[in-house]
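The file protein.txt contains compact mmCIF, C-alpha atoms and all ligand atoms:
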# COMPACT_ATOMS: atom_id res chain seq x y z
CA LYS A 86 -55.87 47.60 23.67
CA ARG A 87 -57.00 45.78 20.54
CA SER A 88 -54.70 46.37 17.63
CA ILE A 89 -55.75 46.63 14.01
CA ILE A 90 -56.12 43.45 11.97
CA TRP A 91 -54.43 43.56 8.60
CA VAL A 92 -55.72 41.27 5.90
CA CYS A 93 -52.38 40.82 4.19
CA VAL A 94 -48.97 41.08 5.82
CA SER A 95 -45.72 41.03 3.88
CA CYS A 96 -42.45 40.27 5.69
CA SER A 97 -40.08 41.31 2.99
CA ALA A 98 -37.77 43.73 1.28
CA ALA A 99 -38.33 47.31 0.19
CA LEU A 100 -35.88 48.28 -2.52
CA PRO A 101 -35.71 51.63 -4.27
CA SER A 102 -34.91 50.76 -7.87
CA VAL A 103 -32.91 52.43 -10.59
CA LEU A 104 -34.48 51.55 -13.92
CA LEU A 105 -32.75 51.84 -17.29
CA GLN A 106 -34.37 51.08 -20.63
CA ALA A 107 -32.03 50.02 -23.42
CA PRO A 108 -32.47 48.19 -26.74
CA ARG A 109 -30.84 45.10 -25.28
CA LEU A 110 -29.04 43.95 -22.13
CA PRO A 111 -25.28 44.67 -22.18
CA LYS A 112 -22.72 41.85 -22.24
CA ALA A 113 -19.91 41.69 -19.67
CA GLY A 114 -17.43 44.51 -20.26
CA GLU A 115 -19.70 46.29 -22.70
CA THR A 116 -21.14 49.83 -22.64
CA ILE A 117 -24.31 50.55 -24.59
CA HIS A 118 -26.67 53.52 -25.01
CA GLY A 119 -30.03 53.36 -23.30
CA TYR A 120 -32.89 55.82 -23.72
CA LYS A 121 -34.75 56.12 -20.45
CA PHE A 122 -33.81 56.35 -16.79
CA PHE A 123 -35.87 56.69 -13.66
CA ILE A 124 -35.92 55.80 -9.98
CA GLY A 125 -38.88 53.81 -8.74
CA PHE A 126 -40.01 51.73 -5.81
CA GLY A 127 -39.42 47.99 -5.88
CA GLY A 128 -38.48 44.96 -3.87
CA LYS A 129 -40.61 41.90 -4.46
CA GLY A 130 -42.41 41.87 -1.14
CA ALA A 131 -43.13 45.59 -1.20
CA ASN A 132 -44.40 45.30 -4.77
CA GLN A 133 -46.69 42.42 -3.83
CA CYS A 134 -47.97 44.31 -0.81
CA VAL A 135 -48.67 47.43 -2.89
CA GLN A 136 -50.53 45.42 -5.56
CA ALA A 137 -52.70 43.76 -2.90
CA ALA A 138 -53.39 47.18 -1.36
CA ARG A 139 -54.33 48.69 -4.72
CA MET A 140 -56.91 45.94 -5.16
CA GLY A 141 -58.45 46.83 -1.84
CA ALA A 142 -56.69 44.64 0.75
CA LYS A 143 -55.75 46.12 4.10
CA THR A 144 -52.01 45.50 4.13
CA ALA A 145 -49.01 45.90 6.40
CA MET A 146 -45.37 45.68 5.51
CA VAL A 147 -42.82 44.23 7.94
CA CYS A 148 -39.46 45.50 6.70
CA GLN A 149 -36.32 47.52 7.37
CA VAL A 150 -35.01 50.50 5.46
CA GLY A 151 -32.17 52.84 6.35
CA LYS A 152 -32.44 56.23 8.05
CA ASP A 153 -31.54 57.90 4.80
CA PHE A 154 -33.07 59.66 1.83
CA PHE A 155 -34.16 56.45 0.09
CA GLY A 156 -35.59 55.04 3.31
CA ASP A 157 -37.60 58.24 4.01
CA ASN A 158 -38.88 58.18 0.46
CA TYR A 159 -39.92 54.57 0.65
CA ILE A 160 -41.85 55.12 3.89
CA GLN A 161 -43.73 57.94 2.10
CA ASN A 162 -44.44 55.58 -0.77
CA PHE A 163 -46.00 53.01 1.56
CA LYS A 164 -48.17 55.72 3.11
CA LYS A 165 -49.26 56.93 -0.32
CA ASN A 166 -50.32 53.39 -1.22
CA GLY A 167 -52.24 52.84 1.98
CA VAL A 168 -49.80 50.19 3.25
CA SER A 169 -49.38 50.24 7.04
CA ILE A 170 -45.88 51.16 8.17
CA ALA A 171 -46.47 50.19 11.81
CA PHE A 172 -43.81 47.48 11.35
CA ALA A 173 -41.58 49.22 8.81
CA LYS A 174 -38.46 50.12 10.75
CA GLN A 175 -35.86 52.70 9.83
CA THR A 176 -32.44 51.66 11.08
CA GLU A 177 -29.18 53.54 11.46
CA LYS A 178 -27.19 50.32 11.18
CA ALA A 179 -27.37 49.95 7.40
CA ALA A 180 -28.28 51.86 4.28
CA THR A 181 -31.55 51.26 2.49
CA GLY A 182 -31.23 48.41 0.00
CA ALA A 183 -31.42 49.07 -3.72
CA ALA A 184 -32.03 47.37 -7.05
CA SER A 185 -30.56 48.13 -10.46
CA ILE A 186 -32.83 47.06 -13.31
CA ILE A 187 -32.16 47.04 -17.05
CA VAL A 188 -35.09 46.44 -19.39
CA ASN A 189 -34.66 45.63 -23.11
CA ASP A 190 -36.93 46.35 -26.08
CA THR A 191 -38.79 43.09 -25.73
CA GLY A 192 -39.65 43.89 -22.11
CA GLU A 193 -37.21 41.42 -20.57
CA ASN A 194 -35.04 42.47 -17.65
CA ALA A 195 -31.85 41.82 -15.72
CA ILE A 196 -31.72 42.84 -12.05
CA VAL A 197 -29.02 43.19 -9.41
CA ILE A 198 -30.18 43.80 -5.85
CA VAL A 199 -28.22 44.90 -2.79
CA ALA A 200 -30.37 43.97 0.19
CA GLY A 201 -28.78 46.48 2.61
CA ALA A 202 -31.00 47.20 5.63
CA ASN A 203 -33.42 44.48 4.55
CA MET A 204 -30.96 41.85 5.80
CA LEU A 205 -31.26 43.23 9.34
CA LEU A 206 -34.89 42.19 9.60
CA GLY A 207 -34.72 39.44 12.20
CA GLN A 208 -36.63 37.53 14.86
CA GLN A 209 -36.91 40.55 17.14
CA GLU A 210 -38.74 42.60 14.50
CA LEU A 211 -40.95 39.63 13.63
CA GLN A 212 -41.80 39.22 17.31
CA HIS A 213 -42.76 42.88 17.39
CA ALA A 214 -45.10 42.23 14.45
CA GLN A 215 -46.50 39.04 16.03
CA SER A 216 -50.01 40.45 16.54
CA ALA A 217 -50.22 41.49 12.89
CA ILE A 218 -48.79 38.25 11.49
CA SER A 219 -50.80 35.92 13.69
CA ARG A 220 -54.15 37.55 12.95
CA ALA A 221 -53.77 38.28 9.24
CA LYS A 222 -55.71 36.38 6.60
CA VAL A 223 -52.58 35.89 4.52
CA LEU A 224 -48.83 36.29 4.86
CA ILE A 225 -46.48 36.69 1.90
CA CYS A 226 -42.72 36.07 2.00
CA GLN A 227 -39.85 35.95 -0.48
CA LEU A 228 -36.06 35.58 -0.32
CA GLU A 229 -34.88 39.17 -0.52
CA ILE A 230 -34.45 39.24 3.26
CA ASN A 231 -32.50 36.78 5.39
CA PRO A 232 -34.00 33.34 4.54
CA ASP A 233 -34.08 32.48 8.28
CA ALA A 234 -36.33 35.48 8.87
CA SER A 235 -38.61 34.46 6.01
CA LEU A 236 -38.91 30.92 7.34
CA HIS A 237 -39.53 32.18 10.86
CA ALA A 238 -42.33 34.44 9.62
CA LEU A 239 -43.90 31.61 7.61
CA ARG A 240 -43.82 29.34 10.65
CA MET A 241 -45.40 32.04 12.83
CA ALA A 242 -48.19 32.33 10.30
CA LYS A 243 -48.71 28.56 9.98
CA GLU A 244 -48.89 28.14 13.76
CA ASN A 245 -51.73 30.65 13.76
CA HIS A 246 -53.57 29.16 10.76
CA VAL A 247 -52.75 32.17 8.61
CA LYS A 248 -52.58 31.27 4.88
CA THR A 249 -49.04 31.55 3.57
CA ILE A 250 -47.88 32.46 0.10
CA PHE A 251 -44.17 31.93 -0.44
CA ASN A 252 -42.33 33.25 -3.47
CA PRO A 253 -38.80 31.72 -3.48
CA ALA A 254 -37.22 34.68 -5.25
CA PRO A 255 -34.42 35.21 -5.87
CA ALA A 256 -34.13 31.42 -5.74
CA ILE A 257 -31.35 29.66 -3.83
CA VAL A 258 -30.19 26.10 -4.60
CA ASP A 259 -30.08 24.90 -1.03
CA LEU A 260 -33.53 26.10 0.06
CA HIS A 261 -34.33 24.66 3.52
CA SER A 262 -36.89 21.86 3.18
CA ASP A 263 -39.14 23.48 5.81
CA PHE A 264 -39.97 26.27 3.36
CA TYR A 265 -42.08 23.81 1.37
CA LYS A 266 -43.95 22.58 4.43
CA ALA A 267 -44.59 26.15 5.54
CA SER A 268 -46.06 27.19 2.17
CA ASP A 269 -49.79 26.91 1.56
CA ILE A 270 -49.14 28.31 -1.89
CA PHE A 271 -45.62 28.03 -3.27
CA CYS A 272 -45.40 30.43 -6.18
CA CYS A 273 -42.36 30.59 -8.46
CA ASN A 274 -41.45 31.29 -12.08
CA GLU A 275 -39.74 28.95 -14.55
CA SER A 276 -36.15 29.88 -13.73
CA GLU A 277 -36.73 29.65 -9.99
CA ALA A 278 -38.39 26.25 -10.45
CA GLU A 279 -35.38 25.09 -12.50
CA LEU A 280 -32.92 26.18 -9.86
CA LEU A 281 -34.88 24.57 -7.03
CA THR A 282 -35.49 21.22 -8.70
CA GLY A 283 -32.53 20.94 -11.07
CA MET A 284 -35.06 20.10 -13.81
CA PRO A 285 -35.22 22.20 -17.00
CA VAL A 286 -38.42 24.21 -17.53
CA SER A 287 -39.18 25.35 -21.05
CA SER A 288 -42.66 24.02 -21.72
CA VAL A 289 -46.00 23.59 -20.00
CA GLU A 290 -45.20 19.88 -19.61
CA ASP A 291 -41.92 20.76 -17.87
CA ALA A 292 -43.70 23.23 -15.60
CA SER A 293 -46.25 20.56 -14.70
CA ARG A 294 -43.46 18.11 -13.90
CA VAL A 295 -41.54 20.55 -11.65
CA GLY A 296 -44.81 21.66 -10.09
CA LEU A 297 -45.55 18.11 -9.00
CA ASP A 298 -41.96 17.70 -7.80
CA LEU A 299 -42.26 20.83 -5.64
CA LEU A 300 -45.68 19.71 -4.40
CA GLN A 301 -44.16 16.44 -3.19
CA LYS A 302 -41.76 18.42 -1.02
CA GLY A 303 -44.72 19.34 1.15
CA CYS A 304 -46.36 22.50 -0.23
CA GLY A 305 -50.14 22.86 -0.05
CA SER A 306 -50.27 24.00 -3.68
CA VAL A 307 -47.74 25.07 -6.27
CA ILE A 308 -48.07 27.72 -8.97
CA VAL A 309 -45.38 27.92 -11.65
CA SER A 310 -45.77 31.17 -13.57
CA MET A 311 -44.83 31.10 -17.24
CA GLY A 312 -45.03 34.71 -18.41
CA PRO A 313 -47.12 35.10 -21.58
CA GLN A 314 -48.32 31.49 -21.32
CA GLY A 315 -50.00 32.01 -17.98
CA CYS A 316 -49.28 29.61 -15.14
CA VAL A 317 -49.51 25.99 -14.10
CA VAL A 318 -51.40 25.20 -10.89
CA CYS A 319 -50.68 21.99 -8.96
CA GLN A 320 -52.79 20.96 -6.00
CA SER A 321 -52.63 17.88 -3.86
CA ILE A 322 -56.42 17.49 -4.15
CA ASN A 323 -56.27 17.32 -7.96
CA VAL A 324 -54.50 14.56 -9.85
CA ALA A 325 -53.27 16.59 -12.80
CA PRO A 326 -51.53 19.96 -12.96
CA LYS A 327 -53.64 22.54 -14.76
CA LEU A 328 -52.50 25.22 -17.20
CA VAL A 329 -54.26 28.51 -16.50
CA PRO A 330 -53.69 30.52 -19.69
CA THR A 331 -53.55 34.31 -19.82
CA ILE A 332 -54.48 36.87 -22.45
CA THR A 333 -52.05 38.04 -25.14
CA VAL A 334 -50.80 41.58 -24.67
CA THR A 335 -47.89 43.64 -26.00
CA ALA A 336 -45.30 43.65 -23.23
CA VAL A 337 -43.44 46.90 -22.63
CA ASP A 338 -41.84 45.95 -19.32
CA THR A 339 -42.36 42.64 -17.55
CA THR A 340 -40.43 43.70 -14.42
CA GLY A 341 -42.53 42.94 -11.37
CA ALA A 342 -45.25 41.10 -13.33
CA GLY A 343 -44.75 38.15 -10.98
CA ASP A 344 -45.19 40.50 -8.03
CA SER A 345 -48.38 41.94 -9.48
CA PHE A 346 -49.62 38.35 -9.86
CA ILE A 347 -48.74 37.39 -6.27
CA GLY A 348 -50.16 40.62 -4.81
CA ALA A 349 -53.42 39.98 -6.65
CA LEU A 350 -53.39 36.34 -5.57
CA ALA A 351 -52.95 37.40 -1.94
CA PHE A 352 -55.92 39.71 -2.32
CA TYR A 353 -58.11 36.87 -3.62
CA VAL A 354 -56.92 34.42 -0.95
CA ALA A 355 -57.79 36.97 1.74
CA HIS A 356 -61.06 38.26 0.34
CA TYR A 357 -62.47 35.19 -1.46
CA PRO A 358 -61.35 32.28 0.74
CA THR A 359 -63.73 29.82 -0.91
CA MET A 360 -62.73 30.63 -4.49
CA GLN A 361 -60.96 27.85 -6.42
CA LEU A 362 -57.20 28.41 -6.65
CA GLU A 363 -57.35 28.09 -10.45
CA GLU A 364 -59.90 30.88 -10.62
CA MET A 365 -57.75 33.06 -8.37
CA ALA A 366 -54.80 32.37 -10.66
CA ARG A 367 -56.87 33.18 -13.75
CA ARG A 368 -57.85 36.55 -12.30
CA ALA A 369 -54.32 37.27 -11.01
CA ASN A 370 -53.01 36.54 -14.54
CA LEU A 371 -55.26 39.31 -15.85
CA VAL A 372 -54.06 41.78 -13.24
CA ALA A 373 -50.43 40.99 -14.08
CA ALA A 374 -51.21 41.35 -17.80
CA VAL A 375 -52.15 44.99 -17.13
CA SER A 376 -48.80 45.58 -15.39
CA VAL A 377 -46.64 44.37 -18.28
CA GLN A 378 -48.20 46.93 -20.63
CA ASN A 379 -46.63 49.83 -18.77
CA VAL A 380 -43.10 50.81 -17.78
CA GLY A 381 -41.78 50.12 -14.29
CA THR A 382 -42.95 47.89 -11.47
CA GLN A 383 -45.26 49.65 -9.00
CA THR A 384 -45.79 52.44 -11.54
CA SER A 385 -47.52 49.89 -13.76
CA PHE A 386 -49.62 48.08 -11.14
CA PRO A 387 -53.37 48.65 -11.61
CA PHE A 388 -55.76 49.98 -8.98
CA ARG A 389 -59.13 48.35 -8.35
CA LYS A 390 -60.86 51.18 -10.24
CA ASP A 391 -58.78 50.45 -13.37
CA LEU A 392 -59.75 46.78 -13.45
CA PRO A 393 -62.89 45.18 -14.91
CA ALA A 394 -65.65 44.66 -12.34
CA GLU A 395 -65.79 40.92 -13.07
CA LEU A 396 -62.41 40.52 -11.36
CA PHE A 397 -64.10 41.33 -8.05
O1 LIG A 401 -39.64 41.38 -8.99
C1 LIG A 401 -39.14 42.61 -9.40
C2 LIG A 401 -38.41 43.28 -8.30
O2 LIG A 401 -37.25 42.55 -8.02
C3 LIG A 401 -37.96 44.67 -8.59
O3 LIG A 401 -38.86 45.62 -8.11
C4 LIG A 401 -36.62 44.78 -7.93
O4 LIG A 401 -36.59 45.75 -6.94
C5 LIG A 401 -36.33 43.38 -7.41
O5 LIG A 401 -36.50 43.33 -6.06
NA NA A 402 -44.54 46.78 -15.85

Can I see the file as structure tokens?
Amino acid sequence: KRSIIWVCVSCSAALPSVLLQAPRLPKAGETIHGYKFFIGFGGKGANQCVQAARMGAKTAMVCQVGKDFFGDNYIQNFKKNGVSIAFAKQTEKAATGAASIIVNDTGENAIVIVAGANMLLGQQELQHAQSAISRAKVLICQLEINPDASLHALRMAKENHVKTIFNPAPAIVDLHSDFYKASDIFCCNESEAELLTGMPVSSVEDASRVGLDLLQKGCGSVIVSMGPQGCVVCQSINVAPKLVPTITVTAVDTTGAGDSFIGALAFYVAHYPTMQLEEMARRANLVAAVSVQNVGTQTSFPFRKDLPAELF
């Protein structure tokens, strides 16, 4: 029996998220008044998968949630977004993971995640998803599951010539060197780049420098995202890193903007394989710019029908 071929597979975390909007982020020991509260669907990999699906990619999520209320809800959310749940497992061994997000008036955020069931995603589950991973056009991974599982998935993809996008988030200082070699596109933000290289990143020049540093570790290409400034793209085929600027918008909530960017990027990699990476990044910047103008993560991610036709 021939199984379905998914264009984009995400081996990553699904995290229901509690979102609080407050004028500013509280300091340690402090209590402050906020003005809005809601529960949404998050987790970097799930967000990226949903954004790719909303742009028209056929996606599958390889993940673990608990056999509980949040897990049931999240499975429904995948179905609603057209993401395949053939490899989304509900386990009795752990509770569904969760994220707590506080967003301030300038749209910045602070996040605490508890991975929960996501940490139980291991080699056995990846083996079960082998047919999906090995035949996809692109695989996306992050670090909200066990890093060994992420690396294993990336290697499975590489062995089968599947394009890999790796988002080292949340970043860890002692990232295994094989992650770089297993990444066709290594995509991180400024703070993640800082943590990984030990070099400060506060300007485009800095981002270019760390981009080249990361590239030397063995990645195919590196994208360092810089929020309102856009992103810096470094490729081994080009001599100089290139700033890909974005449009200026009024940010309401930047949570998940990086995920919107990566989901869109995955869509372009899968559907426009001959497009220049800089052009993909330029378009993904514009998709992410839509997301920051609305509250929440997935709640703010645009659908294909909401985006200008020239992005397709
Ligand atoms: O990148 C934003 C995401 O990080 C949120 O959705 C939250 O769940 C955390 O995983
Ligand atoms: Na948003």

Within 10 Å of ligand NA 402 (chain A), which residues of chain A show up? Give each one with its shortest atom-to-atom distance in Å (one decimal) and the two atoms involved, counting only C-alpha atoms and all ligand atoms, rows by chain then rising residue number, as a tab-separated table.
residue	atom	partner	partner_atom	distance
A:Gly192	CA	A:NA402	NA	8.5
A:Ala336	CA	A:NA402	NA	8.1
A:Val337	CA	A:NA402	NA	6.9
A:Asp338	CA	A:NA402	NA	4.5
A:Thr339	CA	A:NA402	NA	5.0
A:Thr340	CA	A:NA402	NA	5.3
A:Gly341	CA	A:NA402	NA	6.2
A:Ala342	CA	A:NA402	NA	6.3
A:Gly343	CA	A:NA402	NA	9.9
A:Ser345	CA	A:NA402	NA	8.9
A:Ala373	CA	A:NA402	NA	8.4
A:Ala374	CA	A:NA402	NA	8.8
A:Val375	CA	A:NA402	NA	7.9
A:Ser376	CA	A:NA402	NA	4.4
A:Val377	CA	A:NA402	NA	4.0
A:Gln378	CA	A:NA402	NA	6.0
A:Asn379	CA	A:NA402	NA	4.7
A:Val380	CA	A:NA402	NA	4.7
A:Gly381	CA	A:NA402	NA	4.6
A:Thr382	CA	A:NA402	NA	4.8
A:Gln383	CA	A:NA402	NA	7.5
A:Thr384	CA	A:NA402	NA	7.2
A:Ser385	CA	A:NA402	NA	4.8
A:Phe386	CA	A:NA402	NA	7.0
A:Pro387	CA	A:NA402	NA	10.0

Practice problem: Extract, using only C-alpha atoms, all DNA, RNA and protein residues at most 12 Å from A:Pro101, discarding same-chain residues fewer than 2 positions from it, and format them as a PyMOL selection string. | Solution: chain A and resi 98-99+103-104+123-129+131-132+150-151+153-160+162-163+180-186+197-203+381-383

As lines of an AutoDock Vina configuration file, please report the centre and edge lengths, rounded to one decimal in Å, of the axis-aligned box that holds all listed atoms of ligand LIG 401 (chain A) with 5 Å of padding on each of the six sides.
center_x = -38.0
center_y = 43.6
center_z = -7.7
size_x = 13.3
size_y = 14.4
size_z = 13.3

Counting only C-alpha atoms, write as a PDB file with C-alpha atoms, in the frame of the given file all protein and nucleic acid residues lying at most 10 Å from (-42.6, 22.2, 7.6) in the file's frame.
ATOM      1  CA  LEU A 236     -38.910  30.920   7.340  1.00  0.00           C
ATOM      2  CA  LEU A 239     -43.900  31.610   7.610  1.00  0.00           C
ATOM      3  CA  ARG A 240     -43.820  29.340  10.650  1.00  0.00           C
ATOM      4  CA  LYS A 243     -48.710  28.560   9.980  1.00  0.00           C
ATOM      5  CA  HIS A 261     -34.330  24.660   3.520  1.00  0.00           C
ATOM      6  CA  SER A 262     -36.890  21.860   3.180  1.00  0.00           C
ATOM      7  CA  ASP A 263     -39.140  23.480   5.810  1.00  0.00           C
ATOM      8  CA  PHE A 264     -39.970  26.270   3.360  1.00  0.00           C
ATOM      9  CA  TYR A 265     -42.080  23.810   1.370  1.00  0.00           C
ATOM     10  CA  LYS A 266     -43.950  22.580   4.430  1.00  0.00           C
ATOM     11  CA  ALA A 267     -44.590  26.150   5.540  1.00  0.00           C
ATOM     12  CA  SER A 268     -46.060  27.190   2.170  1.00  0.00           C
ATOM     13  CA  LYS A 302     -41.760  18.420  -1.020  1.00  0.00           C
ATOM     14  CA  GLY A 303     -44.720  19.340   1.150  1.00  0.00           C
ATOM     15  CA  CYS A 304     -46.360  22.500  -0.230  1.00  0.00           C
TER      16      CYS A 304
END

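Comparing the minimum interatomic distances between A:Ala217 and each of A:Thr359, A:Thr176, A:Gln161, A:Ser169, counting all atoms listed in the file, we find that A:Ser169 sits nearest.
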
Please complete stretch 131-141 of chain A so it has all heavy atoms, and hand it over as a short mmCIF file (atom, residue, chain, number, x, y, z; two decimals), in the frame of the given file.
data_model
loop_
_atom_site.label_atom_id
_atom_site.label_comp_id
_atom_site.auth_asym_id
_atom_site.auth_seq_id
_atom_site.Cartn_x
_atom_site.Cartn_y
_atom_site.Cartn_z
N ALA A 131 -42.47 44.29 -1.22
CA ALA A 131 -43.13 45.59 -1.20
C ALA A 131 -44.04 45.71 -2.41
O ALA A 131 -45.18 46.18 -2.30
CB ALA A 131 -42.09 46.70 -1.20
N ASN A 132 -43.57 45.27 -3.56
CA ASN A 132 -44.40 45.30 -4.77
C ASN A 132 -45.68 44.50 -4.56
O ASN A 132 -46.78 44.94 -4.89
CB ASN A 132 -43.66 44.69 -5.97
CG ASN A 132 -42.46 45.51 -6.40
OD1 ASN A 132 -42.34 46.68 -6.05
ND2 ASN A 132 -41.57 44.91 -7.18
N GLN A 133 -45.53 43.30 -4.02
CA GLN A 133 -46.69 42.42 -3.83
C GLN A 133 -47.69 43.05 -2.86
O GLN A 133 -48.90 43.01 -3.07
CB GLN A 133 -46.20 41.05 -3.32
CG GLN A 133 -45.39 40.31 -4.37
CD GLN A 133 -44.54 39.16 -3.84
OE1 GLN A 133 -44.71 38.73 -2.70
NE2 GLN A 133 -43.62 38.66 -4.64
N CYS A 134 -47.15 43.66 -1.82
CA CYS A 134 -47.97 44.31 -0.81
C CYS A 134 -48.73 45.49 -1.43
O CYS A 134 -49.93 45.68 -1.18
CB CYS A 134 -47.03 44.79 0.30
SG CYS A 134 -47.82 45.11 1.85
N VAL A 135 -48.05 46.27 -2.24
CA VAL A 135 -48.67 47.43 -2.89
C VAL A 135 -49.76 46.98 -3.87
O VAL A 135 -50.85 47.56 -3.91
CB VAL A 135 -47.60 48.30 -3.59
CG1 VAL A 135 -48.22 49.28 -4.58
CG2 VAL A 135 -46.77 49.05 -2.55
N GLN A 136 -49.50 45.89 -4.63
CA GLN A 136 -50.53 45.42 -5.56
C GLN A 136 -51.77 44.95 -4.79
O GLN A 136 -52.90 45.26 -5.18
CB GLN A 136 -50.00 44.30 -6.46
CG GLN A 136 -51.05 43.77 -7.43
CD GLN A 136 -51.52 44.82 -8.44
OE1 GLN A 136 -50.90 45.04 -9.46
NE2 GLN A 136 -52.64 45.49 -8.15
N ALA A 137 -51.56 44.23 -3.71
CA ALA A 137 -52.70 43.76 -2.90
C ALA A 137 -53.48 44.97 -2.35
O ALA A 137 -54.71 44.99 -2.36
CB ALA A 137 -52.22 42.87 -1.76
N ALA A 138 -52.75 45.97 -1.90
CA ALA A 138 -53.39 47.18 -1.36
C ALA A 138 -54.19 47.90 -2.44
O ALA A 138 -55.30 48.36 -2.20
CB ALA A 138 -52.34 48.12 -0.77
N ARG A 139 -53.63 47.99 -3.64
CA ARG A 139 -54.33 48.69 -4.72
C ARG A 139 -55.60 47.97 -5.15
O ARG A 139 -56.49 48.56 -5.73
CB ARG A 139 -53.39 48.86 -5.93
CG ARG A 139 -52.33 49.90 -5.66
CD ARG A 139 -51.52 50.23 -6.88
NE ARG A 139 -50.47 51.17 -6.51
CZ ARG A 139 -49.51 51.59 -7.32
NH1 ARG A 139 -49.48 51.15 -8.58
NH2 ARG A 139 -48.60 52.44 -6.91
N MET A 140 -55.68 46.67 -4.84
CA MET A 140 -56.91 45.94 -5.16
C MET A 140 -57.93 46.05 -4.05
O MET A 140 -59.08 45.63 -4.20
CB MET A 140 -56.57 44.48 -5.44
CG MET A 140 -55.79 44.39 -6.74
SD MET A 140 -55.51 42.73 -7.25
CE MET A 140 -57.14 42.26 -7.78
N GLY A 141 -57.50 46.59 -2.92
CA GLY A 141 -58.45 46.83 -1.84
C GLY A 141 -58.16 46.07 -0.55
O GLY A 141 -58.96 46.12 0.38
#
